[in-house]
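Here is the file model07.csv (CSV, C-alpha atoms).
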```csv
chain,number,residue,atom,x,y,z
A,248,MET,CA,105.2,104.3,125.6
A,249,LYS,CA,104.4,100.6,125.9
A,250,ILE,CA,103.3,98.7,122.9
A,251,ARG,CA,101.6,95.4,123.4
A,252,TYR,CA,100.7,93.3,120.3
A,253,LEU,CA,97.5,91.4,121.0
A,254,GLY,CA,97.3,89.6,117.6
A,255,HIS,CA,95.8,90.3,114.2
A,256,SER,CA,95.6,94.1,113.9
A,257,CYS,CA,95.1,94.7,117.6
A,258,PHE,CA,97.6,96.7,119.8
A,259,GLN,CA,97.4,98.1,123.2
A,260,LEU,CA,99.3,101.4,123.4
A,261,VAL,CA,100.0,102.9,126.9
A,262,SER,CA,101.5,106.4,127.2
A,263,ASP,CA,104.0,107.4,129.9
A,264,GLY,CA,101.2,109.3,131.5
A,265,GLY,CA,98.9,106.2,131.6
A,266,ALA,CA,96.6,106.9,128.7
A,267,CYS,CA,95.6,103.7,127.0
A,268,LEU,CA,94.4,103.0,123.5
A,269,ILE,CA,93.4,99.7,121.8
A,270,THR,CA,93.2,99.2,118.1
A,271,ASP,CA,90.9,96.9,116.1
A,272,PRO,CA,89.8,94.3,118.7
A,273,TYR,CA,88.9,91.0,117.1
A,274,THR,CA,87.1,87.7,117.6
A,275,ARG,CA,87.0,84.3,115.7
A,276,VAL,CA,90.4,84.4,114.0
A,277,GLY,CA,91.5,81.0,115.4
A,278,TYR,CA,92.4,82.5,118.8
A,279,GLU,CA,90.7,85.1,121.0
A,280,LEU,CA,91.8,88.2,122.9
A,281,PRO,CA,92.9,88.0,126.5
A,282,SER,CA,90.2,88.6,129.0
A,283,GLY,CA,90.0,91.7,131.2
A,284,LEU,CA,91.3,94.2,128.6
A,285,TRP,CA,90.9,97.9,129.4
A,286,ALA,CA,91.4,101.2,127.5
A,287,ASP,CA,90.4,104.8,127.5
A,288,VAL,CA,89.8,104.7,123.7
A,289,VAL,CA,89.2,101.9,121.2
A,290,THR,CA,89.8,102.7,117.5
A,291,VAL,CA,88.0,100.6,114.8
A,292,SER,CA,89.2,100.7,111.2
A,293,HIS,CA,86.1,99.1,109.7
A,294,GLY,CA,83.1,97.1,110.6
A,295,HIS,CA,84.2,93.5,110.1
A,296,PHE,CA,84.1,91.0,113.0
A,297,ASP,CA,87.9,90.7,113.2
A,298,HIS,CA,88.4,94.4,113.7
A,299,ASN,CA,85.3,95.7,115.6
A,300,TYR,CA,84.8,93.4,118.5
A,301,THR,CA,84.5,96.3,120.9
A,302,GLN,CA,82.7,94.1,123.5
A,303,ALA,CA,86.2,92.8,124.5
A,304,VAL,CA,87.0,96.3,125.8
A,305,PRO,CA,83.7,97.4,127.4
A,306,ASN,CA,84.9,100.5,129.1
A,307,GLY,CA,86.6,102.2,126.1
A,308,VAL,CA,85.2,105.1,124.1
A,309,VAL,CA,84.9,103.8,120.6
A,310,ILE,CA,86.2,105.8,117.6
A,311,ALA,CA,85.1,104.5,114.3
A,312,LYS,CA,84.8,107.5,112.1
A,313,VAL,CA,87.1,109.8,110.1
A,314,GLY,CA,88.1,112.9,112.0
A,315,GLU,CA,90.4,114.3,114.7
A,316,TYR,CA,90.2,113.4,118.3
A,317,ARG,CA,92.1,114.1,121.5
A,318,PHE,CA,92.3,112.5,125.0
A,319,ASN,CA,94.8,112.7,127.8
A,320,HIS,CA,97.4,114.4,125.6
A,321,VAL,CA,97.0,111.8,122.8
A,322,LYS,CA,96.0,113.0,119.3
A,323,ILE,CA,94.2,110.7,116.9
A,324,THR,CA,93.5,111.4,113.3
A,325,GLY,CA,91.3,109.1,111.1
A,326,ILE,CA,92.1,109.1,107.4
A,327,PRO,CA,89.8,107.4,104.8
A,328,CYS,CA,91.0,104.9,102.3
A,329,TRP,CA,89.7,101.7,100.6
A,330,HIS,CA,89.7,98.1,102.0
A,331,ASP,CA,90.4,96.8,98.5
A,332,GLU,CA,91.9,97.6,95.1
A,333,LYS,CA,88.5,98.4,93.5
A,334,GLN,CA,87.6,101.5,95.5
A,335,GLY,CA,85.6,99.6,98.1
A,336,ALA,CA,83.5,97.5,95.6
A,337,LEU,CA,84.7,94.3,97.2
A,338,ARG,CA,85.1,95.1,100.9
A,339,GLY,CA,84.1,98.7,101.5
A,340,ASN,CA,85.9,101.4,103.4
A,341,ASN,CA,88.9,101.4,105.8
A,342,ILE,CA,90.2,104.1,108.2
A,343,ILE,CA,93.8,104.7,108.8
A,344,TYR,CA,94.6,106.1,112.2
A,345,LYS,CA,97.5,108.4,113.0
A,346,ILE,CA,98.2,108.4,116.8
A,347,LYS,CA,100.5,110.9,118.4
A,348,MET,CA,101.6,109.8,121.9
A,349,ASP,CA,104.7,110.6,123.9
A,350,GLY,CA,106.1,112.6,121.0
A,351,ILE,CA,105.9,109.6,118.7
A,352,THR,CA,103.6,109.4,115.7
A,353,LEU,CA,102.3,106.0,114.9
A,354,CYS,CA,100.2,105.0,111.9
A,355,HIS,CA,97.8,102.1,112.1
A,356,MET,CA,96.8,101.1,108.6
A,357,GLY,CA,93.9,99.0,109.5
A,358,ASP,CA,92.9,96.7,106.6
A,359,VAL,CA,94.3,98.9,103.8
A,360,GLY,CA,93.8,97.1,100.5
A,361,GLU,CA,94.2,99.9,98.0
A,362,PRO,CA,97.7,100.1,96.3
A,363,CYS,CA,100.1,102.7,97.6
A,364,SER,CA,99.6,106.1,95.9
A,365,ALA,CA,101.1,109.5,96.1
A,366,GLU,CA,97.7,110.9,97.0
A,367,LEU,CA,97.3,108.6,100.0
A,368,LEU,CA,100.9,109.1,101.1
A,369,GLU,CA,100.3,112.9,101.2
A,370,LYS,CA,97.2,112.4,103.4
A,371,ILE,CA,99.2,110.2,105.8
A,372,GLY,CA,102.2,112.5,106.0
A,373,ASP,CA,105.1,112.0,108.5
A,374,VAL,CA,105.1,108.9,110.6
A,375,ASP,CA,107.6,107.5,113.1
A,376,VAL,CA,106.2,104.0,113.6
A,377,LEU,CA,104.1,102.2,110.9
A,378,LEU,CA,101.7,99.4,111.8
A,379,VAL,CA,101.0,97.7,108.5
A,380,PRO,CA,99.1,94.6,107.4
A,381,VAL,CA,101.2,92.0,105.5
A,382,GLY,CA,99.1,88.9,105.1
A,383,GLY,CA,97.3,89.6,101.9
A,384,THR,CA,93.9,88.1,100.8
A,385,TYR,CA,91.9,90.9,102.5
A,386,THR,CA,94.6,93.5,102.6
A,387,VAL,CA,97.8,94.4,100.8
A,388,ASP,CA,100.3,91.5,100.8
A,389,ALA,CA,104.0,91.6,101.6
A,390,ILE,CA,105.0,93.5,98.5
A,391,GLY,CA,102.1,95.9,98.9
A,392,ALA,CA,103.1,96.5,102.5
A,393,LYS,CA,106.7,97.2,101.6
A,394,ALA,CA,105.5,99.7,99.0
A,395,TYR,CA,103.7,101.6,101.8
A,396,ALA,CA,106.8,101.2,104.1
A,397,ASP,CA,109.1,102.6,101.4
A,398,GLY,CA,106.6,105.4,100.6
A,399,ILE,CA,106.0,106.5,104.2
A,400,ARG,CA,109.6,106.1,105.2
A,401,SER,CA,108.9,105.6,108.9
A,402,LYS,CA,111.7,104.9,111.2
A,403,LYS,CA,110.1,101.7,112.6
A,404,ILE,CA,107.7,99.2,110.9
A,405,ILE,CA,105.6,96.7,112.8
A,406,PRO,CA,103.9,94.0,110.6
A,407,MET,CA,100.4,93.0,111.6
A,408,HIS,CA,97.4,91.1,110.2
A,409,TYR,CA,99.5,88.0,109.5
A,410,ARG,CA,98.7,84.4,110.2
A,411,PRO,CA,100.4,82.8,113.2
A,412,THR,CA,100.7,79.0,113.7
A,413,ASP,CA,97.3,78.9,115.5
A,414,GLY,CA,95.6,81.4,113.1
A,415,GLY,CA,92.3,80.5,111.4
A,416,LEU,CA,92.0,83.0,108.6
A,417,ASP,CA,93.2,82.5,105.0
A,418,ILE,CA,96.0,85.0,105.1
A,419,GLN,CA,99.8,84.5,104.9
A,420,SER,CA,102.4,84.5,107.7
A,421,ALA,CA,104.7,87.4,108.2
A,422,GLN,CA,107.6,85.5,106.6
A,423,ASP,CA,107.3,86.8,103.1
A,424,PHE,CA,107.4,90.4,104.4
A,425,LEU,CA,110.4,89.7,106.7
A,426,GLU,CA,112.3,88.2,103.9
A,427,LEU,CA,112.2,91.5,102.1
A,428,TYR,CA,114.6,92.9,104.7
A,429,ASP,CA,118.1,92.0,106.0
A,430,GLU,CA,117.9,90.0,109.2
A,431,LYS,CA,120.1,92.6,111.0
A,432,GLU,CA,117.3,95.1,110.4
A,433,ILE,CA,114.8,93.0,112.2
A,434,LYS,CA,114.1,93.1,116.0
A,435,ARG,CA,112.2,90.0,117.1
A,436,VAL,CA,109.9,90.3,120.1
A,437,PRO,CA,108.6,86.9,121.2
A,438,SER,CA,106.9,88.4,124.3
A,439,GLY,CA,104.7,90.7,122.2
A,440,GLU,CA,105.5,93.7,124.4
A,441,ILE,CA,108.1,96.5,124.0
A,442,GLU,CA,108.7,99.9,125.4
A,443,LEU,CA,109.6,102.6,122.9
A,444,SER,CA,110.7,106.2,123.3
A,445,SER,CA,111.7,108.8,120.7
A,446,ALA,CA,115.4,108.0,121.6
A,447,ASP,CA,114.9,104.5,120.3
A,448,LEU,CA,113.7,105.5,116.8
A,449,ASP,CA,117.2,105.8,115.3
A,450,ASN,CA,118.8,102.6,116.7
A,451,GLY,CA,119.2,100.8,113.4
A,452,GLU,CA,116.6,98.2,113.7
A,453,LYS,CA,113.9,99.0,111.2
A,454,ILE,CA,111.4,96.1,111.5
A,455,ILE,CA,109.9,95.2,114.9
A,456,TYR,CA,108.4,91.7,114.5
A,457,MET,CA,106.1,91.1,117.4
A,458,GLU,CA,104.6,87.7,118.2
A,459,ARG,CA,101.2,87.9,120.0
A,460,ALA,CA,101.1,88.6,123.7
A,461,LYS,CA,98.9,85.8,125.0
A,462,SER,CA,98.1,87.0,128.5
```

Can you give me the file's structure in the form of structure tokens?
Amino acid sequence: MKIRYLGHSCFQLVSDGGACLITDPYTRVGYELPSGLWADVVTVSHGHFDHNYTQAVPNGVVIAKVGEYRFNHVKITGIPCWHDEKQGALRGNNIIYKIKMDGITLCHMGDVGEPCSAELLEKIGDVDVLLVPVGGTYTVDAIGAKAYADGIRSKKIIPMHYRPTDGGLDIQSAQDFLELYDEKEIKRVPSGEIELSSADLDNGEKIIYMERAKS
């Protein structure tokens, strides 16, 4: 599959068969999405402007509810959780999406804000690639993200929802999270695009740090 990081919590995932999914399209975060995006399906973790700007992908079928979905040999499972540490009292609900594509199971954590717990880990289950917010303020911070990474024990971890140099939101950069790992465990992807197969999952590089693809 091809993974293209479009910034914030937005990824474009394209299967070997051509199925395309985009997660959490955004607006007004200090930068904007590239124009002309397309996808078969768009997943939305919650209803905030920086995660539900579906107008940027006008042709995609929107999934914004808990449940199980399938399209073009891709399986999507939406799992409920909280956007904050007070059971939604501050920021409401969030949906975690497990996405099975090309024999790889990805988990997009959306704006998870509740602390890692055995109950939520059981609901999430086995994961190959974890897409986890690390910027804090509105989500778990670097320490909270690592708690999920340690609990889920995925083979690859891709940090998201962090502040780049041109970011406009009051969240942290990815640096605090990256410093929790040895540099030799980190694969840096300045282009924002990678290809990943099941054969790549055990190559020793645990963290895939992707900068935003800008075009």

Sorted per-residue table, segment 410-457 of chain A near segment 369-386 of chain A, closest atoms and distance, 12 Å, all atoms listed in the file, as CSV:
```
residue,atom,partner,partner_atom,distance
A:Arg410,CA,A:Gly382,CA,6.8
A:Pro411,CA,A:Gly382,CA,10.2
A:Gly414,CA,A:Gly382,CA,11.5
A:Leu416,CA,A:Thr384,CA,9.5
A:Asp417,CA,A:Thr384,CA,7.0
A:Ile418,CA,A:Gly382,CA,5.0
A:Gln419,CA,A:Gly382,CA,4.5
A:Ser420,CA,A:Gly382,CA,6.1
A:Ala421,CA,A:Val381,CA,6.4
A:Gln422,CA,A:Val381,CA,9.2
A:Asp423,CA,A:Val381,CA,8.4
A:Phe424,CA,A:Val381,CA,6.5
A:Leu425,CA,A:Val381,CA,9.6
A:Glu426,CA,A:Val381,CA,11.8
A:Leu427,CA,A:Val381,CA,11.5
A:Leu443,CA,A:Val376,CA,10.0
A:Ser444,CA,A:Asp375,CA,10.7
A:Ser445,CA,A:Asp375,CA,8.7
A:Ala446,CA,A:Asp375,CA,11.5
A:Asp447,CA,A:Asp375,CA,10.7
A:Leu448,CA,A:Asp375,CA,7.4
A:Asp449,CA,A:Asp375,CA,10.0
A:Glu452,CA,A:Val376,CA,11.9
A:Lys453,CA,A:Val376,CA,9.5
A:Ile454,CA,A:Leu377,CA,9.5
A:Ile455,CA,A:Val376,CA,9.6
A:Tyr456,CA,A:Leu378,CA,10.6
A:Met457,CA,A:Leu378,CA,10.9
```

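Using all atoms listed in the file, the nearest neighbour of Gly264 of chain A within the list A:Gly335, A:Met348, A:Thr301, A:Ile323 is A:Met348.
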
Exercise. Which polymer residues have any atom within 6 Å of an atom of segment 392-400 of chain A, counting all atoms listed in the file, with same-chain residues fewer than 3 positions away left out, as an NGL selection string?
Worked result: :A and (363 or 381 or 387-389)

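In this structure, atom CA of Arg317 of chain A sits 25.2 Å away from atom CA of His255 of chain A.
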
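In this structure, atom CA of Lys312 of chain A sits 12.3 Å away from atom CA of Asn299 of chain A.
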
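For the atom pair formed by atom CA of Lys434 of chain A and atom CA of Asp413 of chain A, the distance is 22.0 Å, given to one decimal.
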
Exercise. Between A:Asn450, A:Ser256, A:Ser282, A:Ser262, which is the closest to His298 of chain A once you count all atoms listed in the file?
Worked result: A:Ser256

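Among A:Val276, A:Cys354, A:Leu268, A:Leu368, the residue with the shortest atom-to-atom distance to Pro406 of chain A, counting only C-alpha atoms, is A:Cys354.
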
Problem set entry | Residues near Pro281 of chain A, cut-off 12 Å, all atoms listed in the file, skip fewer than 6 positions along chain, as JSON, numbers by chain | {"A": [251, 252, 253, 254, 257, 258, 259, 272, 273, 274, 303, 304, 459, 460, 461, 462]}

Restricting the output to C-alpha atoms, write the selected residues as a PDB file, keeping the file's coordinate frame.
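Output (out_1.pdb):
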```pdb
ATOM      1  CA  ARG A 251     101.600  95.400 123.400  1.00  0.00           C
ATOM      2  CA  TYR A 252     100.700  93.300 120.300  1.00  0.00           C
ATOM      3  CA  LEU A 253      97.500  91.400 121.000  1.00  0.00           C
ATOM      4  CA  GLY A 254      97.300  89.600 117.600  1.00  0.00           C
ATOM      5  CA  CYS A 257      95.100  94.700 117.600  1.00  0.00           C
ATOM      6  CA  PHE A 258      97.600  96.700 119.800  1.00  0.00           C
ATOM      7  CA  GLN A 259      97.400  98.100 123.200  1.00  0.00           C
ATOM      8  CA  PRO A 272      89.800  94.300 118.700  1.00  0.00           C
ATOM      9  CA  TYR A 273      88.900  91.000 117.100  1.00  0.00           C
ATOM     10  CA  THR A 274      87.100  87.700 117.600  1.00  0.00           C
ATOM     11  CA  ALA A 303      86.200  92.800 124.500  1.00  0.00           C
ATOM     12  CA  VAL A 304      87.000  96.300 125.800  1.00  0.00           C
ATOM     13  CA  ARG A 459     101.200  87.900 120.000  1.00  0.00           C
ATOM     14  CA  ALA A 460     101.100  88.600 123.700  1.00  0.00           C
ATOM     15  CA  LYS A 461      98.900  85.800 125.000  1.00  0.00           C
ATOM     16  CA  SER A 462      98.100  87.000 128.500  1.00  0.00           C
TER      17      SER A 462
END
```

Requested file, segment 346-362 of chain A restricted to all heavy atoms, as an mmCIF file, in the first residue's frame:
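Dumped everything to out-v3.cif:
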```cif
data_model
loop_
_atom_site.group_PDB
_atom_site.id
_atom_site.type_symbol
_atom_site.label_atom_id
_atom_site.label_comp_id
_atom_site.auth_asym_id
_atom_site.auth_seq_id
_atom_site.Cartn_x
_atom_site.Cartn_y
_atom_site.Cartn_z
ATOM 1 N N ILE A 346 -8.259 -0.187 10.067
ATOM 2 C CA ILE A 346 -8.366 -0.292 8.619
ATOM 3 C C ILE A 346 -7.499 -1.459 8.155
ATOM 4 O O ILE A 346 -6.280 -1.449 8.370
ATOM 5 C CB ILE A 346 -7.896 1.016 7.948
ATOM 6 C CG1 ILE A 346 -8.726 2.203 8.450
ATOM 7 C CG2 ILE A 346 -7.971 0.895 6.425
ATOM 8 C CD1 ILE A 346 -8.068 3.550 8.238
ATOM 9 N N LYS A 347 -8.126 -2.461 7.560
ATOM 10 C CA LYS A 347 -7.364 -3.602 7.059
ATOM 11 C C LYS A 347 -7.276 -3.496 5.540
ATOM 12 O O LYS A 347 -8.284 -3.499 4.845
ATOM 13 C CB LYS A 347 -8.006 -4.925 7.453
ATOM 14 C CG LYS A 347 -7.125 -6.128 7.118
ATOM 15 C CD LYS A 347 -7.559 -7.388 7.816
ATOM 16 C CE LYS A 347 -6.564 -8.516 7.554
ATOM 17 N NZ LYS A 347 -6.930 -9.759 8.265
ATOM 18 N N MET A 348 -6.038 -3.389 5.047
ATOM 19 C CA MET A 348 -5.785 -3.166 3.625
ATOM 20 C C MET A 348 -4.516 -3.912 3.232
ATOM 21 O O MET A 348 -3.497 -3.811 3.932
ATOM 22 C CB MET A 348 -5.630 -1.659 3.375
ATOM 23 C CG MET A 348 -5.314 -1.254 1.964
ATOM 24 S SD MET A 348 -5.020 0.545 1.793
ATOM 25 C CE MET A 348 -6.669 1.202 1.990
ATOM 26 N N ASP A 349 -4.569 -4.667 2.162
ATOM 27 C CA ASP A 349 -3.386 -5.390 1.657
ATOM 28 C C ASP A 349 -2.753 -6.278 2.726
ATOM 29 O O ASP A 349 -1.522 -6.412 2.793
ATOM 30 C CB ASP A 349 -2.342 -4.404 1.120
ATOM 31 C CG ASP A 349 -2.810 -3.652 -0.125
ATOM 32 O OD1 ASP A 349 -3.750 -4.133 -0.789
ATOM 33 O OD2 ASP A 349 -2.245 -2.595 -0.422
ATOM 34 N N GLY A 350 -3.585 -6.859 3.582
ATOM 35 C CA GLY A 350 -3.079 -7.750 4.616
ATOM 36 C C GLY A 350 -2.431 -7.058 5.793
ATOM 37 O O GLY A 350 -1.851 -7.716 6.665
ATOM 38 N N ILE A 351 -2.522 -5.733 5.853
ATOM 39 C CA ILE A 351 -1.957 -4.938 6.951
ATOM 40 C C ILE A 351 -3.094 -4.272 7.705
ATOM 41 O O ILE A 351 -4.009 -3.709 7.110
ATOM 42 C CB ILE A 351 -0.989 -3.863 6.412
ATOM 43 C CG1 ILE A 351 0.201 -4.523 5.713
ATOM 44 C CG2 ILE A 351 -0.507 -2.954 7.536
ATOM 45 C CD1 ILE A 351 1.139 -3.533 5.026
ATOM 46 N N THR A 352 -3.040 -4.318 9.032
ATOM 47 C CA THR A 352 -4.050 -3.664 9.860
ATOM 48 C C THR A 352 -3.471 -2.380 10.436
ATOM 49 O O THR A 352 -2.511 -2.398 11.202
ATOM 50 C CB THR A 352 -4.513 -4.573 11.012
ATOM 51 O OG1 THR A 352 -5.079 -5.775 10.463
ATOM 52 C CG2 THR A 352 -5.566 -3.875 11.861
ATOM 53 N N LEU A 353 -4.054 -1.259 10.023
ATOM 54 C CA LEU A 353 -3.675 0.047 10.554
ATOM 55 C C LEU A 353 -4.711 0.482 11.578
ATOM 56 O O LEU A 353 -5.879 0.106 11.497
ATOM 57 C CB LEU A 353 -3.601 1.098 9.448
ATOM 58 C CG LEU A 353 -2.650 0.832 8.279
ATOM 59 C CD1 LEU A 353 -3.407 0.219 7.115
ATOM 60 C CD2 LEU A 353 -1.962 2.119 7.845
ATOM 61 N N CYS A 354 -4.280 1.303 12.521
ATOM 62 C CA CYS A 354 -5.196 1.866 13.519
ATOM 63 C C CYS A 354 -4.979 3.368 13.576
ATOM 64 O O CYS A 354 -3.905 3.831 13.948
ATOM 65 C CB CYS A 354 -4.954 1.246 14.881
ATOM 66 S SG CYS A 354 -6.057 1.873 16.166
ATOM 67 N N HIS A 355 -6.019 4.112 13.179
ATOM 68 C CA HIS A 355 -5.983 5.578 13.208
ATOM 69 C C HIS A 355 -6.710 6.006 14.483
ATOM 70 O O HIS A 355 -7.910 5.809 14.618
ATOM 71 C CB HIS A 355 -6.662 6.139 11.963
ATOM 72 C CG HIS A 355 -6.579 7.626 11.839
ATOM 73 N ND1 HIS A 355 -7.421 8.471 12.534
ATOM 74 C CD2 HIS A 355 -5.757 8.418 11.091
ATOM 75 C CE1 HIS A 355 -7.121 9.726 12.214
ATOM 76 N NE2 HIS A 355 -6.117 9.723 11.343
ATOM 77 N N MET A 356 -5.966 6.619 15.406
ATOM 78 C CA MET A 356 -6.517 6.904 16.731
ATOM 79 C C MET A 356 -7.334 8.188 16.794
ATOM 80 O O MET A 356 -7.894 8.510 17.847
ATOM 81 C CB MET A 356 -5.373 6.985 17.753
ATOM 82 C CG MET A 356 -4.589 5.694 17.924
ATOM 83 S SD MET A 356 -5.525 4.377 18.734
ATOM 84 C CE MET A 356 -5.559 4.977 20.433
ATOM 85 N N GLY A 357 -7.411 8.940 15.673
ATOM 86 C CA GLY A 357 -8.156 10.189 15.708
ATOM 87 C C GLY A 357 -7.618 11.116 16.782
ATOM 88 O O GLY A 357 -6.411 11.210 16.995
ATOM 89 N N ASP A 358 -8.523 11.797 17.485
ATOM 90 C CA ASP A 358 -8.116 12.704 18.566
ATOM 91 C C ASP A 358 -8.312 12.036 19.929
ATOM 92 O O ASP A 358 -8.956 12.602 20.826
ATOM 93 C CB ASP A 358 -8.940 13.996 18.509
ATOM 94 C CG ASP A 358 -8.173 15.149 17.886
ATOM 95 O OD1 ASP A 358 -7.117 14.887 17.276
ATOM 96 O OD2 ASP A 358 -8.625 16.293 17.984
ATOM 97 N N VAL A 359 -7.770 10.844 20.077
ATOM 98 C CA VAL A 359 -7.924 10.163 21.363
ATOM 99 C C VAL A 359 -7.325 11.025 22.469
ATOM 100 O O VAL A 359 -6.208 11.521 22.361
ATOM 101 C CB VAL A 359 -7.281 8.763 21.331
ATOM 102 C CG1 VAL A 359 -5.781 8.815 21.105
ATOM 103 C CG2 VAL A 359 -7.611 7.992 22.609
ATOM 104 N N GLY A 360 -8.111 11.225 23.527
ATOM 105 C CA GLY A 360 -7.649 12.023 24.650
ATOM 106 C C GLY A 360 -7.724 11.290 25.962
ATOM 107 O O GLY A 360 -7.135 11.720 26.956
ATOM 108 N N GLU A 361 -8.443 10.171 25.980
ATOM 109 C CA GLU A 361 -8.536 9.412 27.225
ATOM 110 C C GLU A 361 -7.255 8.620 27.450
ATOM 111 O O GLU A 361 -6.593 8.189 26.495
ATOM 112 C CB GLU A 361 -9.740 8.476 27.215
ATOM 113 C CG GLU A 361 -9.671 7.327 26.229
ATOM 114 C CD GLU A 361 -10.819 6.343 26.416
ATOM 115 O OE1 GLU A 361 -11.888 6.542 25.802
ATOM 116 O OE2 GLU A 361 -10.644 5.378 27.192
ATOM 117 N N PRO A 362 -6.851 8.439 28.705
ATOM 118 C CA PRO A 362 -5.633 7.672 28.981
ATOM 119 C C PRO A 362 -5.765 6.227 28.524
ATOM 120 O O PRO A 362 -6.868 5.669 28.465
ATOM 121 C CB PRO A 362 -5.501 7.759 30.513
ATOM 122 C CG PRO A 362 -6.355 8.907 30.916
ATOM 123 C CD PRO A 362 -7.467 8.973 29.933
#
```
